[in-house]
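Undergrad: start11.pdb is the file, holding PDB, C-alpha atoms:
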```
ATOM      1  CA  ALA A   1       3.122  18.911  18.562
ATOM      2  CA  LEU A   2       2.522  22.344  20.114
ATOM      3  CA  PHE A   3       2.908  24.321  16.904
ATOM      4  CA  MET A   4       1.653  21.907  14.208
ATOM      5  CA  PRO A   5      -1.838  22.602  12.764
ATOM      6  CA  ASP A   6      -4.780  20.323  13.491
ATOM      7  CA  GLY A   7      -6.109  17.973  10.838
ATOM      8  CA  SER A   8      -9.354  16.078  10.460
ATOM      9  CA  MET A   9      -8.282  13.279  12.834
ATOM     10  CA  SER A  10      -9.204  13.801  16.483
ATOM     11  CA  ARG A  11      -8.821  10.387  18.132
ATOM     12  CA  PRO A  12      -7.075   9.419  20.329
ATOM     13  CA  HIS A  13      -6.122  13.110  20.616
ATOM     14  CA  PRO A  14      -5.319  15.929  18.133
ATOM     15  CA  ALA A  15      -1.891  16.317  19.764
ATOM     16  CA  PHE A  16      -1.014  12.775  18.670
ATOM     17  CA  TRP A  17      -1.656  13.590  15.003
ATOM     18  CA  ARG A  18       0.271  16.849  15.344
ATOM     19  CA  PHE A  19       3.180  14.771  16.659
ATOM     20  CA  ILE A  20       2.875  12.426  13.656
ATOM     21  CA  LEU A  21       2.951  15.418  11.316
ATOM     22  CA  GLY A  22       6.057  16.758  13.052
ATOM     23  CA  ALA A  23       7.744  13.332  12.920
ATOM     24  CA  GLY A  24       6.913  13.161   9.207
ATOM     25  CA  ILE A  25       8.643  16.503   8.643
ATOM     26  CA  VAL A  26      11.714  15.262  10.542
ATOM     27  CA  TYR A  27      11.752  12.105   8.400
ATOM     28  CA  PHE A  28      11.429  14.323   5.322
ATOM     29  CA  VAL A  29      14.564  16.239   6.336
ATOM     30  CA  ILE A  30      16.453  12.977   6.998
ATOM     31  CA  LEU A  31      15.585  11.741   3.509
ATOM     32  CA  VAL A  32      16.874  14.991   1.999
ATOM     33  CA  PHE A  33      20.173  14.457   3.851
ATOM     34  CA  LEU A  34      20.424  10.839   2.664
ATOM     35  CA  LEU A  35      19.690  11.876  -0.913
ATOM     36  CA  TYR A  36      23.039  13.740  -1.037
ATOM     37  CA  ASN A  37      25.051  10.713   0.094
ATOM     38  CA  SER A  38      26.248   7.598  -1.682
ATOM     39  CA  VAL A  39      24.940   4.141  -0.904
ATOM     40  CA  HIS A  40      28.311   3.225   0.642
ATOM     41  CA  ASP A  41      28.186   6.213   3.011
ATOM     42  CA  ILE A  42      24.590   5.470   4.042
ATOM     43  CA  ARG A  43      25.411   1.826   4.785
ATOM     44  CA  LYS A  44      28.440   2.963   6.783
ATOM     45  CA  LEU A  45      26.266   5.429   8.712
ATOM     46  CA  LEU A  46      23.722   2.710   9.481
ATOM     47  CA  GLY A  47      26.574   0.487  10.660
ATOM     48  CA  MET A  48      27.603   3.200  13.111
ATOM     49  CA  ILE A  49      24.035   3.349  14.475
ATOM     50  CA  ASP A  50      23.804  -0.432  14.777
ATOM     51  CA  PRO A  51      26.836  -2.723  14.292
ATOM     52  CA  ASN A  52      24.503  -5.402  12.883
ATOM     53  CA  LEU A  53      23.648  -3.175   9.918
ATOM     54  CA  GLY A  54      25.709  -2.446   6.825
ATOM     55  CA  LYS A  55      26.136  -6.146   6.011
ATOM     56  CA  ARG A  56      24.929  -7.818   2.821
ATOM     57  CA  LEU A  57      21.705  -9.778   3.295
ATOM     58  CA  ILE A  58      20.336 -12.863   1.585
ATOM     59  CA  PHE A  59      16.642 -12.588   0.686
ATOM     60  CA  ALA A  60      14.392 -15.572   0.083
ATOM     61  CA  ASP A  61      13.116 -16.473  -3.378
ATOM     62  CA  TYR A  62       9.438 -17.457  -2.982
ATOM     63  CA  ALA A  63       9.151 -18.679  -6.593
ATOM     64  CA  LYS A  64      11.945 -21.231  -6.433
ATOM     65  CA  ASP A  65       9.556 -24.207  -6.426
ATOM     66  CA  CYS A  66       5.987 -23.420  -7.556
ATOM     67  CA  ARG A  67       4.571 -26.924  -7.349
ATOM     68  CA  PHE A  68       1.321 -26.892  -5.401
ATOM     69  CA  PHE A  69       1.092 -30.685  -5.019
ATOM     70  CA  THR A  70       4.200 -32.521  -3.768
ATOM     71  CA  PRO A  71       3.299 -36.218  -3.347
ATOM     72  CA  GLU A  72       6.949 -37.282  -3.007
ATOM     73  CA  ASN A  73       7.473 -35.169   0.130
ATOM     74  CA  PRO A  74       7.189 -37.257   3.324
ATOM     75  CA  GLU A  75       6.052 -34.318   5.464
ATOM     76  CA  SER A  76       3.067 -33.109   3.451
ATOM     77  CA  TYR A  77       1.457 -33.414   0.022
ATOM     78  CA  PHE A  78       1.230 -29.604   0.027
ATOM     79  CA  TYR A  79       4.660 -28.899   1.472
ATOM     80  CA  ASN A  80       5.376 -25.734  -0.535
ATOM     81  CA  PHE A  81       1.985 -24.243   0.292
ATOM     82  CA  ARG A  82       2.376 -25.093   3.978
ATOM     83  CA  GLN A  83       5.817 -23.476   4.107
ATOM     84  CA  LYS A  84       4.405 -20.221   2.718
ATOM     85  CA  LEU A  85       1.350 -20.395   4.991
ATOM     86  CA  TYR A  86       3.434 -20.662   8.173
ATOM     87  CA  ASP A  87       5.965 -18.066   7.047
ATOM     88  CA  ASP A  88       6.295 -14.960   9.226
ATOM     89  CA  PHE A  89       5.533 -12.726   6.268
ATOM     90  CA  ALA A  90       2.051 -14.267   5.913
ATOM     91  CA  LEU A  91       1.125 -12.881   9.344
ATOM     92  CA  ALA A  92       2.805  -9.569   8.484
ATOM     93  CA  HIS A  93       0.768  -9.490   5.261
ATOM     94  CA  LEU A  94      -2.458  -9.992   7.210
ATOM     95  CA  ILE A  95      -1.617  -7.293   9.756
ATOM     96  CA  GLY A  96      -0.580  -4.953   6.952
ATOM     97  CA  TRP A  97      -3.923  -5.241   5.205
ATOM     98  CA  TRP A  98      -5.740  -4.770   8.496
ATOM     99  CA  GLY A  99      -3.819  -1.526   8.908
ATOM    100  CA  LYS A 100      -4.447  -0.523   5.292
ATOM    101  CA  THR A 101      -8.185  -0.998   5.847
ATOM    102  CA  LEU A 102      -8.025   1.528   8.683
ATOM    103  CA  VAL A 103      -6.393   3.948   6.221
ATOM    104  CA  PHE A 104      -8.779   3.687   3.242
ATOM    105  CA  ARG A 105     -11.966   2.393   4.981
ATOM    106  CA  ASP A 106     -13.615   1.582   1.644
ATOM    107  CA  PRO A 107     -13.867  -2.015   0.359
ATOM    108  CA  VAL A 108     -13.909  -1.058  -3.331
ATOM    109  CA  VAL A 109     -10.748   1.020  -3.007
ATOM    110  CA  LEU A 110      -9.150  -1.725  -0.915
ATOM    111  CA  TRP A 111      -9.852  -4.367  -3.561
ATOM    112  CA  THR A 112      -8.416  -2.028  -6.171
ATOM    113  CA  THR A 113      -5.204  -1.534  -4.181
ATOM    114  CA  SER A 114      -5.028  -5.290  -3.591
ATOM    115  CA  PHE A 115      -4.900  -6.051  -7.306
ATOM    116  CA  LEU A 116      -2.700  -3.045  -8.047
ATOM    117  CA  PHE A 117      -0.073  -4.167  -5.542
ATOM    118  CA  GLU A 118       0.047  -7.606  -7.156
ATOM    119  CA  MET A 119       0.699  -5.774 -10.426
ATOM    120  CA  TRP A 120       3.485  -3.795  -8.722
ATOM    121  CA  GLU A 121       5.009  -7.076  -7.524
ATOM    122  CA  LEU A 122       4.809  -8.574 -11.010
ATOM    123  CA  THR A 123       6.368  -5.447 -12.504
ATOM    124  CA  PHE A 124       9.418  -5.460 -10.214
ATOM    125  CA  SER A 125       9.727  -9.226  -9.714
ATOM    126  CA  ASN A 126      12.886  -9.322 -11.847
ATOM    127  CA  VAL A 127      14.507  -6.681  -9.606
ATOM    128  CA  LEU A 128      13.384  -7.664  -6.088
ATOM    129  CA  MET A 129      13.629 -11.308  -5.123
ATOM    130  CA  ASN A 130      10.890 -10.951  -2.489
ATOM    131  CA  PHE A 131       8.414  -9.983  -5.230
ATOM    132  CA  ARG A 132       8.793 -13.328  -7.024
ATOM    133  CA  GLU A 133       5.764 -15.428  -6.164
ATOM    134  CA  CYS A 134       3.977 -18.511  -7.419
ATOM    135  CA  TRP A 135       0.490 -18.260  -8.897
ATOM    136  CA  TRP A 136      -1.120 -19.933  -5.874
ATOM    137  CA  ASP A 137       0.821 -17.646  -3.540
ATOM    138  CA  THR A 138      -0.568 -14.578  -5.336
ATOM    139  CA  LEU A 139      -4.174 -15.748  -5.602
ATOM    140  CA  ILE A 140      -4.798 -18.041  -2.613
ATOM    141  CA  LEU A 141      -2.516 -16.591   0.056
ATOM    142  CA  ASP A 142      -2.459 -12.932  -0.999
ATOM    143  CA  VAL A 143      -5.573 -11.715  -2.837
ATOM    144  CA  PHE A 144      -8.183 -14.143  -1.487
ATOM    145  CA  GLY A 145      -6.308 -15.036   1.682
ATOM    146  CA  CYS A 146      -4.418 -12.499   3.772
ATOM    147  CA  ASN A 147      -5.752  -9.501   1.830
ATOM    148  CA  LEU A 148      -9.397 -10.532   2.179
ATOM    149  CA  LEU A 149      -9.098 -11.586   5.826
ATOM    150  CA  GLY A 150      -7.230  -8.395   6.691
ATOM    151  CA  ILE A 151      -9.935  -6.284   5.015
ATOM    152  CA  ILE A 152     -12.707  -8.111   6.907
ATOM    153  CA  LEU A 153     -10.917  -7.731  10.248
ATOM    154  CA  GLY A 154     -10.238  -4.079   9.481
ATOM    155  CA  LEU A 155     -13.911  -3.411   8.701
ATOM    156  CA  GLN A 156     -14.881  -5.138  11.940
ATOM    157  CA  THR A 157     -12.415  -2.906  13.798
ATOM    158  CA  ILE A 158     -13.925   0.182  12.160
ATOM    159  CA  TRP A 159     -17.403  -0.943  13.208
ATOM    160  CA  PHE A 160     -16.287  -1.787  16.769
ATOM    161  CA  LEU A 161     -14.495   1.531  17.295
ATOM    162  CA  ARG A 162     -17.311   3.434  15.519
ATOM    163  CA  MET A 163     -14.840   5.023  13.137
ATOM    164  CA  GLN A 164     -16.090   6.929  10.115
ATOM    165  CA  ASN A 165     -16.226   5.040   6.817
ATOM    166  CA  PHE A 166     -14.723   6.746   3.765
ATOM    167  CA  ASP A 167     -17.184   6.359   0.887
ATOM    168  CA  TRP A 168     -14.763   7.305  -1.922
ATOM    169  CA  SER A 169     -17.062   6.101  -4.705
ATOM    170  CA  SER A 170     -20.233   7.908  -3.475
ATOM    171  CA  ARG A 171     -22.293   4.731  -3.567
ATOM    172  CA  LYS A 172     -24.130   5.192  -0.244
ATOM    173  CA  GLU A 173     -27.836   5.831  -0.566
ATOM    174  CA  GLU A 174     -29.339   8.736   1.296
ATOM    175  CA  GLY A 175     -30.813   7.879   4.663
ATOM    176  CA  LYS A 176     -29.498   4.321   4.666
ATOM    177  CA  GLU A 177     -26.601   3.155   6.841
ATOM    178  CA  LYS A 178     -24.528   0.169   5.717
ATOM    179  CA  SER A 179     -23.570  -2.578   8.144
ATOM    180  CA  VAL A 180     -20.205  -4.317   8.266
ATOM    181  CA  LEU A 181     -21.643  -7.387   6.506
ATOM    182  CA  ALA A 182     -22.925  -5.140   3.744
ATOM    183  CA  TYR A 183     -19.415  -3.730   3.278
ATOM    184  CA  VAL A 184     -17.950  -7.250   3.103
ATOM    185  CA  ALA A 185     -20.630  -8.273   0.618
ATOM    186  CA  GLY A 186     -19.942  -5.113  -1.360
ATOM    187  CA  ALA A 187     -16.301  -6.164  -1.648
ATOM    188  CA  PHE A 188     -17.405  -9.287  -3.523
ATOM    189  CA  ARG A 189     -19.969  -7.485  -5.687
ATOM    190  CA  VAL A 190     -17.193  -5.852  -7.696
ATOM    191  CA  PHE A 191     -16.717  -9.223  -9.411
ATOM    192  CA  PHE A 192     -20.337  -9.336 -10.649
ATOM    193  CA  PRO A 193     -22.198  -7.362 -13.330
ATOM    194  CA  ARG A 194     -23.350  -3.860 -12.501
ATOM    195  CA  LYS A 195     -27.014  -4.870 -12.430
ATOM    196  CA  LEU A 196     -26.376  -6.845  -9.252
ATOM    197  CA  GLU A 197     -24.970  -3.759  -7.508
ATOM    198  CA  SER A 198     -27.580  -1.884  -5.531
ATOM    199  CA  TYR A 199     -25.414   1.242  -5.207
ATOM    200  CA  SER A 200     -24.319   3.452  -8.071
ATOM    201  CA  LEU A 201     -20.514   3.683  -8.309
ATOM    202  CA  ARG A 202     -19.806   7.330  -9.124
ATOM    203  CA  ILE A 203     -16.037   7.512  -8.955
ATOM    204  CA  LEU A 204     -16.147   9.462 -12.227
ATOM    205  CA  SER A 205     -18.713  11.903 -10.846
ATOM    206  CA  SER A 206     -16.237  14.797 -10.733
ATOM    207  CA  ARG A 207     -12.758  15.702 -11.919
ATOM    208  CA  ARG A 208     -11.663  16.402  -8.376
ATOM    209  CA  ARG A 209     -12.690  12.916  -7.183
ATOM    210  CA  ILE A 210     -10.957  11.196 -10.118
ATOM    211  CA  PHE A 211      -7.692  13.076  -9.722
ATOM    212  CA  THR A 212      -7.604  12.758  -5.927
ATOM    213  CA  LEU A 213      -8.326   9.034  -5.814
ATOM    214  CA  ALA A 214      -5.935   8.236  -8.679
ATOM    215  CA  THR A 215      -3.158  10.253  -7.022
ATOM    216  CA  LEU A 216      -3.807   8.585  -3.673
ATOM    217  CA  LEU A 217      -3.603   5.092  -5.187
ATOM    218  CA  LEU A 218      -0.417   5.988  -7.054
ATOM    219  CA  PHE A 219       1.381   7.356  -3.999
ATOM    220  CA  GLN A 220       0.133   4.487  -1.855
ATOM    221  CA  GLY A 221       1.622   1.964  -4.283
ATOM    222  CA  MET A 222       4.886   3.878  -4.467
ATOM    223  CA  SER A 223       5.111   4.061  -0.673
ATOM    224  CA  GLU A 224       4.580   0.310  -0.339
ATOM    225  CA  CYS A 225       7.249  -0.516  -2.913
ATOM    226  CA  ASN A 226       9.735   1.954  -1.414
ATOM    227  CA  ILE A 227      10.217   0.021   1.814
ATOM    228  CA  PHE A 228      11.098  -3.159  -0.112
ATOM    229  CA  PHE A 229      13.593  -1.324  -2.299
ATOM    230  CA  MET A 230      15.197   0.447   0.667
ATOM    231  CA  LYS A 231      15.562  -2.843   2.555
ATOM    232  CA  HIS A 232      17.364  -4.415  -0.389
ATOM    233  CA  ILE A 233      19.545  -1.443  -1.303
ATOM    234  CA  LEU A 234      20.535  -0.408   2.233
ATOM    235  CA  TRP A 235      20.736  -3.984   3.568
ATOM    236  CA  LEU A 236      18.091  -3.535   6.259
ATOM    237  CA  PRO A 237      16.721  -6.720   7.880
ATOM    238  CA  SER A 238      12.927  -6.964   7.869
ATOM    239  CA  ARG A 239      12.738  -7.267  11.661
ATOM    240  CA  HIS A 240      15.010  -4.308  12.437
ATOM    241  CA  PRO A 241      13.518  -1.507  14.613
ATOM    242  CA  LEU A 242      14.304   1.083  11.923
ATOM    243  CA  VAL A 243      12.068  -0.777   9.458
ATOM    244  CA  PHE A 244       9.249  -0.984  12.014
ATOM    245  CA  ALA A 245       9.662   2.708  12.868
ATOM    246  CA  ARG A 246       9.360   3.674   9.214
ATOM    247  CA  LEU A 247       6.326   1.411   8.710
ATOM    248  CA  PHE A 248       4.442   2.797  11.704
ATOM    249  CA  LEU A 249       5.313   6.412  10.913
ATOM    250  CA  VAL A 250       4.190   6.162   7.288
ATOM    251  CA  TRP A 251       1.074   4.200   8.328
ATOM    252  CA  PHE A 252      -0.062   6.916  10.741
ATOM    253  CA  LEU A 253       0.918   9.613   8.251
ATOM    254  CA  ALA A 254      -1.066   7.871   5.497
ATOM    255  CA  MET A 255      -4.059   7.554   7.821
ATOM    256  CA  SER A 256      -4.045  11.298   8.503
ATOM    257  CA  CYS A 257      -3.426  12.077   4.820
ATOM    258  CA  THR A 258      -6.318   9.884   3.636
ATOM    259  CA  SER A 259      -8.720  11.391   6.144
ATOM    260  CA  ASP A 260      -7.787  14.937   5.105
ATOM    261  CA  LEU A 261      -8.092  14.033   1.415
ATOM    262  CA  PHE A 262     -11.541  12.559   1.998
ATOM    263  CA  TYR A 263     -12.758  15.808   3.531
ATOM    264  CA  PHE A 264     -11.135  17.727   0.675
ATOM    265  CA  VAL A 265     -12.969  15.634  -1.934
ATOM    266  CA  ASN A 266     -16.391  15.718  -0.287
ATOM    267  CA  ARG A 267     -16.424  19.399   0.665
ATOM    268  CA  PRO A 268     -16.361  21.634  -2.441
ATOM    269  CA  HIS A 269     -15.826  24.749  -0.334
ATOM    270  CA  VAL A 270     -12.416  23.401   0.785
ATOM    271  CA  LYS A 271      -9.929  24.866  -1.678
ATOM    272  CA  LYS A 272      -6.629  23.476  -0.359
ATOM    273  CA  VAL A 273      -5.407  20.220   1.128
ATOM    274  CA  ALA A 274      -4.066  19.778   4.644
ATOM    275  CA  PRO A 275      -0.308  19.792   5.465
ATOM    276  CA  SER A 276      -0.346  16.029   6.156
ATOM    277  CA  VAL A 277      -1.073  15.407   2.462
ATOM    278  CA  TRP A 278       1.949  17.410   1.342
ATOM    279  CA  VAL A 279       4.190  15.748   3.918
ATOM    280  CA  PHE A 280       3.083  12.234   2.922
ATOM    281  CA  CYS A 281       3.512  12.979  -0.789
ATOM    282  CA  GLY A 282       6.883  14.633  -0.155
ATOM    283  CA  VAL A 283       8.136  11.679   1.894
ATOM    284  CA  THR A 284       6.991   9.225  -0.783
ATOM    285  CA  LEU A 285       8.659  11.173  -3.592
ATOM    286  CA  LEU A 286      11.905  11.497  -1.637
ATOM    287  CA  GLU A 287      11.935   7.770  -0.841
ATOM    288  CA  THR A 288      11.348   6.992  -4.514
ATOM    289  CA  SER A 289      14.100   9.395  -5.563
ATOM    290  CA  LEU A 290      16.470   7.812  -3.043
ATOM    291  CA  CYS A 291      15.695   4.310  -4.344
ATOM    292  CA  LEU A 292      16.216   5.403  -7.953
ATOM    293  CA  LYS A 293      19.467   7.277  -7.211
ATOM    294  CA  LEU A 294      21.010   4.450  -5.194
ATOM    295  CA  GLY A 295      19.459   1.524  -7.041
ATOM    296  CA  LEU A 296      20.481   2.562 -10.540
ATOM    297  CA  LYS A 297      24.111   2.612  -9.385
ATOM    298  CA  GLU A 298      23.850  -0.942  -8.064
ATOM    299  CA  GLU A 299      24.693  -3.518 -10.716
ATOM    300  CA  GLU A 300      22.351  -6.155  -9.286
ATOM    301  CA  PHE A 301      19.388  -3.757  -9.678
ATOM    302  CA  ALA A 302      20.253  -1.803 -12.807
ATOM    303  CA  GLY A 303      21.246  -4.974 -14.665
ATOM    304  CA  ASN A 304      17.866  -6.628 -14.023
ATOM    305  CA  LEU A 305      15.750  -3.548 -14.701
ATOM    306  CA  SER A 306      13.787  -4.763 -17.727
ATOM    307  CA  PHE A 307       9.997  -4.482 -17.808
ATOM    308  CA  SER A 308       9.185  -5.819 -21.317
ATOM    309  CA  GLY A 309       5.478  -6.503 -21.774
ATOM    310  CA  ILE A 310       4.520  -5.513 -18.235
ATOM    311  CA  LEU A 311       5.559  -1.902 -18.800
ATOM    312  CA  VAL A 312       3.674  -1.890 -22.105
ATOM    313  CA  SER A 313       0.552  -3.090 -20.283
ATOM    314  CA  TRP A 314       0.880  -0.268 -17.739
ATOM    315  CA  ILE A 315       1.279   2.303 -20.517
ATOM    316  CA  ILE A 316      -1.664   0.992 -22.552
ATOM    317  CA  GLY A 317      -3.919   0.782 -19.480
ATOM    318  CA  SER A 318      -3.031   4.294 -18.339
ATOM    319  CA  PHE A 319      -3.533   5.668 -21.842
ATOM    320  CA  LEU A 320      -6.972   4.051 -22.220
ATOM    321  CA  LEU A 321      -8.018   5.315 -18.780
ATOM    322  CA  ALA A 322      -6.887   8.845 -19.597
ATOM    323  CA  VAL A 323      -8.662   8.808 -22.975
ATOM    324  CA  SER A 324     -11.907   7.525 -21.425
ATOM    325  CA  ILE A 325     -11.858  10.236 -18.762
ATOM    326  CA  MET A 326     -11.117  12.954 -21.317
ATOM    327  CA  TYR A 327     -13.927  11.676 -23.547
ATOM    328  CA  LYS A 328     -16.351  11.694 -20.613
ATOM    329  CA  TYR A 329     -15.734  15.362 -19.819
ATOM    330  CA  ALA A 330     -15.189  16.588 -23.369
ATOM    331  CA  TYR A 331     -18.884  17.362 -23.833
ATOM    332  CA  GLN A 332     -19.607  18.714 -20.341
TER     333      GLN A 332
END
```
Go ahead and render the structure in this file as structure tokens.

TA:
Amino acid sequence: ALFMPDGSMSRPHPAFWRFILGAGIVYFVILVFLLYNSVHDIRKLLGMIDPNLGKRLIFADYAKDCRFFTPENPESYFYNFRQKLYDDFALAHLIGWWGKTLVFRDPVVLWTTSFLFEMWELTFSNVLMNFRECWWDTLILDVFGCNLLGIILGLQTIWFLRMQNFDWSSRKEEGKEKSVLAYVAGAFRVFFPRKLESYSLRILSSRRRIFTLATLLLFQGMSECNIFFMKHILWLPSRHPLVFARLFLVWFLAMSCTSDLFYFVNRPHVKKVAPSVWVFCGVTLLETSLCLKLGLKEEEFAGNLSFSGILVSWIIGSFLLAVSIMYKYAYQ
């Protein structure tokens, strides 16, 4: 904390964010060490740290019974829905999206990440059992339930603490401040035609903005998926302190990274990104590399790794997006 450089974050104190940067570098080095070990050695090492670790876990399958209406059940006509609603992970989902709102601080970007993560879950649902969900679990509990409520609570927290909003899409009009209710309403306006939107969405206003936001969304999705893969591969229980330590460290690191990227995008005179960005990206890439190296050697993962039409959809969507961006700037 004494020797790390300052970033754009200053509250609660610059020394705190220097400590987070230093902890991120230490975690980076630990991941490099783990990358040169086998999955058996890593599980054995975790068992030496905690005797409760290194044991095979059984993960729940949330798509085992997707019936929304269960009239034959004596407890409730909506038994399956009630079981998911009172599950511990529903509260964790809500808290997670509250924390993610403090990272991105933009309702449009948050809605985009909300739908993208559901696509990530659908893509890897045949590999990770926790990613298998029913249609009502995805739509009612996730997208329009915990995700939406977490975003609203996060925006209220930003307003209460007078934190700076990150206007990634440059839609704010000059001289006009937006209230919290306006941000919540703006989150719903993305579902309506453009003529109903009073602010001009200019995400494609510059190459720098496009590349930065696309890279941020990609690494954010990879970082979210990494923790699920590492829990399954290394047999880490969801409530273990090591999982919570990783979640909090990456959350604070992502918050610092997003803030520094926002200043990089909106200040043309800034020619290089802050160290927190490189550390966050490095940690995410190392986690992904670790999951690929260890997971591909596990029969239960490598044997189920088939993407079929979902991978084709990702490729077609990415290709069309790239072509549209290239066409936009071809004549400039």

Undergrad: Once the PyMOL selection byres ((chain A and resi 250-252) around 8) has been evaluated on this model, what residues remain selected, and can you format them as a list in words?

TA: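 With the shown file as input, the PyMOL selection byres ((chain A and resi 250-252) around 8) matches Ile20, Gly24, Gly99, Lys100, Val103, Arg246, Leu247, Phe248, Leu249, Leu253, Ala254, Met255, Ser256 and Phe280 of chain A.
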
Undergrad: Expand the PyMOL selection byres ((chain A and resi 75-89) around 10) into the explicit residue set it covers here, and present it as a list of chain:residue names.

TA: A:Tyr62, A:Lys64, A:Asp65, A:Cys66, A:Arg67, A:Phe68, A:Phe69, A:Thr70, A:Pro71, A:Glu72, A:Asn73, A:Pro74, A:Ala90, A:Leu91, A:Ala92, A:His93, A:Leu94, A:Ile95, A:Gly96, A:Cys134, A:Trp136, A:Asp137, A:Ile140, A:Leu141, A:Gly145, A:Cys146, A:Ser238

Undergrad: Keeping only C-alpha atoms, write those residues as a CSV table (one decimal), in the frame of the given file.

TA:
```
chain,number,residue,atom,x,y,z
A,62,TYR,CA,9.4,-17.5,-3.0
A,64,LYS,CA,11.9,-21.2,-6.4
A,65,ASP,CA,9.6,-24.2,-6.4
A,66,CYS,CA,6.0,-23.4,-7.6
A,67,ARG,CA,4.6,-26.9,-7.3
A,68,PHE,CA,1.3,-26.9,-5.4
A,69,PHE,CA,1.1,-30.7,-5.0
A,70,THR,CA,4.2,-32.5,-3.8
A,71,PRO,CA,3.3,-36.2,-3.3
A,72,GLU,CA,6.9,-37.3,-3.0
A,73,ASN,CA,7.5,-35.2,0.1
A,74,PRO,CA,7.2,-37.3,3.3
A,90,ALA,CA,2.1,-14.3,5.9
A,91,LEU,CA,1.1,-12.9,9.3
A,92,ALA,CA,2.8,-9.6,8.5
A,93,HIS,CA,0.8,-9.5,5.3
A,94,LEU,CA,-2.5,-10.0,7.2
A,95,ILE,CA,-1.6,-7.3,9.8
A,96,GLY,CA,-0.6,-5.0,7.0
A,134,CYS,CA,4.0,-18.5,-7.4
A,136,TRP,CA,-1.1,-19.9,-5.9
A,137,ASP,CA,0.8,-17.6,-3.5
A,140,ILE,CA,-4.8,-18.0,-2.6
A,141,LEU,CA,-2.5,-16.6,0.1
A,145,GLY,CA,-6.3,-15.0,1.7
A,146,CYS,CA,-4.4,-12.5,3.8
A,238,SER,CA,12.9,-7.0,7.9
```

Undergrad: Using all atoms listed in the file, I'd like a table of the residues in range 33-142 of chain A that come within 10 Å of range 158-163 of chain A; for each, show the closest atom pair and its distance in Å rounded to one decimal, ordered by chain and ascending number, as a Markdown table.

TA:
```
| residue | atom | partner | partner_atom | distance |
| --- | --- | --- | --- | --- |
| A:Thr101 | CA | A:Ile158 | CA | 8.6 |
| A:Leu102 | CA | A:Ile158 | CA | 7.0 |
| A:Arg105 | CA | A:Ile158 | CA | 7.8 |
```

Undergrad: Using only C-alpha atoms, which residue out of A:Phe244, A:Phe166, A:Phe264, A:Trp120 lies closest to Arg132 in chain A?

TA: A:Trp120

Undergrad: From the list A:Val32, A:Cys281, A:Ala245, A:Ala60, which residue is nearest Asn130 in chain A when using all atoms listed in the file?

TA: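 Distance minimum relative to Asn130 in chain A lands on A:Ala60.
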
Undergrad: So that I can see what lies close to Val39 in chain A, please list as a PDB file with C-alpha atoms, in the frame of the given file the residues with an atom at most 9 Å from it, counting all atoms listed in the file and leaving out residues fewer than 6 positions away in the same chain.

TA:
```pdb
ATOM      1  CA  ILE A 233      19.545  -1.443  -1.303  1.00  0.00           C
ATOM      2  CA  LEU A 234      20.535  -0.408   2.233  1.00  0.00           C
ATOM      3  CA  LYS A 293      19.467   7.277  -7.211  1.00  0.00           C
ATOM      4  CA  LEU A 294      21.010   4.450  -5.194  1.00  0.00           C
ATOM      5  CA  GLY A 295      19.459   1.524  -7.041  1.00  0.00           C
ATOM      6  CA  LYS A 297      24.111   2.612  -9.385  1.00  0.00           C
ATOM      7  CA  GLU A 298      23.850  -0.942  -8.064  1.00  0.00           C
TER       8      GLU A 298
END
```

Undergrad: Which residue gives the smallest distance to Trp97 in chain A among A:Met48, A:Leu122, A:Leu57, A:Leu153, with only C-alpha atoms counted?

TA: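 Looking at the shortest contact to Trp97 in chain A, the residue is A:Leu153.
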
Undergrad: Would you kindly translate the PyMOL selection byres ((chain A and resi 263) around 12) into the concrete residues it picks from this file, as a VMD selection string?

TA: chain A and resid 7 to 9 164 to 168 208 to 209 212 256 to 262 264 to 274 277

Undergrad: To one decimal in Å, tell me the separation between CA of Glu118 in chain A and CA of Ser276 in chain A.

TA: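 Atom-to-atom, CA of Glu118 in chain A to CA of Ser276 in chain A, that is 27.1 Å.
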
Undergrad: Output as JSON the centre and edge lengths (Å, one decimal) of the box along x, y and z of the file that holds every listed atom of range 242-247 of chain A after adding 4 Å on each side.

TA:
```
{"center_x": 10.3, "center_y": 1.3, "center_z": 10.8, "size_x": 16.0, "size_y": 12.7, "size_z": 12.2}
```

Undergrad: Using only C-alpha atoms, which residue out of A:Leu53, A:Leu149, A:Leu21, A:Ile210 lies closest to Lys231 in chain A?

TA: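 Under the stated criterion, the closest residue is A:Leu53.
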
Undergrad: Given the choices A:Phe28, A:Tyr36, A:Phe228, A:Trp111, which gets closest to Leu148 in chain A if the distance is worked out from only C-alpha atoms?

TA: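 Among the listed residues, A:Trp111 lies closest to Leu148 in chain A.
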
Undergrad: What is the distance between CA of Phe59 in chain A and CA of His232 in chain A, in Å to one decimal?

TA: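 It comes out at 8.3 Å.
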
Undergrad: What's the separation between CA of Leu45 in chain A and CA of Met230 in chain A, in Å to one decimal place?

TA: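 Interatomic distance here is 14.6 Å.
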
Undergrad: Excluding Val29 in chain A and its own-chain neighbours fewer than 4 positions away, which residues fall within 12 Å of it when counting all atoms listed in the file? Please give them as an NGL selection string.

TA: :A and (22-25 or 33-36 or 279 or 282-283 or 286-287)

Undergrad: So, with only C-alpha atoms as the atoms that count, which of A:Leu285, A:Leu155, A:Leu110, A:Ala214 lies closest to Ser318 in chain A?

TA: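 Of the candidates, the smallest distance to Ser318 in chain A is held by A:Ala214.
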